[in-house]
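> Dumping the structure here so I can ask a few things about it.
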Amino acid sequence: MRALRRLALVLAFLLGASAAGAALADEGMWTFDNFPAAAVKAKYGVTIDKAWLDHVQASAVRLSIGCSASVVSADGLVVTNNHCVAGCTQALSTSTQDLFKQGFAAAARTEERLCPGMQADILLSVSDVTDRIDQASAGRTGRDFVTARDAEISAIEKPLAPAKRRWSAAR
């Protein structure tokens with residue numbers, strides 16, 4: 001009976017704590033082109049303008065392995081978590097130098113090492129293409145819908161092929 005009461009108290013505490021935590025959480029996950037700047041200013045007194053959002057967008061990186069990263073220099077230095085590049089550092093290690101355990105700092109750009117097959121993507125712009133997709137797939141169903149939609153998506157993406165920007169002149 002005592003154990004049952006303790007269990008009930010612990011459960012009540014945990015449920016109350018999780019409910020209180022949820023009540024304190026602020027709502028929101030916004031794309032760069034849809035940030036509620038006026039609401040943030042009204043609620044927090046902070047001005048988040050387009051220039052600031054553009055800067056943050058240009059600094060946000062998605063690595064091809066699924067990790068996030070950030071551009072932290074004008075030369076394109078990217079910083080991410082150790083576990084995101086663990087496979088790369090192990091692959092670049094030698095029998096005499098374990099980059100994963102010892103770390104590595106290039107003294108010059110010519111000493112920098114690339115992670116084979118890894119790509120860093122930066123979102124350059126956001127466009128609403130809903131009307132184009134809707135028009136291309138209007139009145140279609142099933143496989144015909146999918147084919148028309150995919151063709152229009154390809155047509156939209158074609159001129160936006162990834163801009164390969166080499167930050168380092170040494171590459």
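Letters for chains follow the order of the structure tokens (A, B, ...), residue numbers begin at 1 for each chain, and ligand numbers begin at 1 in the order shown.
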Per residue of stretch 83-158 of chain A within 8 Å of stretch 50-57 of chain A, which atom pair is closest and at what distance in Å (one decimal), using only C-alpha atoms, listed by chain and increasing number, as a tab-separated table?


residue	atom	partner	partner_atom	distance
A:Ile122	CA	A:Gln57	CA	7.6
A:Leu123	CA	A:Gln57	CA	6.6
A:Leu124	CA	A:Gln57	CA	7.5

> Pick out each residue of stretch 28-154 of chain A that DSSP on the backbone tags as alpha helix (DSSP H); I need them as a count of residues only.

50

> Go through A:Met118, A:Met29, A:Val146, A:Leu77 one by one, measure the shortest atom-to-atom distance of each to A:Leu63 using only C-alpha atoms, and give the residue with the smallest value.

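Among A:Met118, A:Met29, A:Val146, A:Leu77, it is A:Met118 that comes nearest to A:Leu63.
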
> When you look at stretch 88-100 of chain A with a cut-off of 9 Å (counting only C-alpha atoms), what residues show up, excluding the ones that are within fewer than 5 positions of it in the same chain? I need them as an NGL selection string.

:A and (82 or 113-116 or 118)

> Please determine, counting only C-alpha atoms, which residue among A:His83, A:Lys158, A:Arg143, A:Arg149 has the shortest atom-to-atom distance to A:Ile65.

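Among the listed residues, A:His83 lies closest to A:Ile65.
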
> Can you list, as a list in words, every residue of stretch 56-125 of chain A that DSSP puts in strand (DSSP E or B)?

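These are the residues in question: Ala60, Val61, Arg62, Leu63, Ser68, Ala69, Ser70, Val71, Val78, Val79, Ala120 and Asp121 of chain A.
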
> In Å, with one decimal, what is the gap from atom CA of A:Asp150 to atom CA of A:Ser137?

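Result for atom CA of A:Asp150 versus atom CA of A:Ser137: 9.2 Å, one decimal.
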
> Record the distance separating atom CA of A:Ala155 and atom CA of A:Gln135, expressed in Å with one decimal.

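For atom CA of A:Ala155 relative to atom CA of A:Gln135, the distance reads 13.3 Å.
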
> Which distance in Å separates atom CA of A:Ser59 and atom CA of A:Val72, to one decimal?

7.1 Å

> Using only C-alpha atoms, can you tell me which of A:Ala120, A:Ala39, A:Ile153, A:Ala108 comes closest to A:Cys67?

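Closest to A:Cys67, using only C-alpha atoms: A:Ala120.
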
> From the list A:Val126, A:Gly76, A:Asn81, A:Ile133, which residue is nearest A:Arg109 when using only C-alpha atoms?

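For A:Arg109, the nearest of the given residues is A:Gly76.
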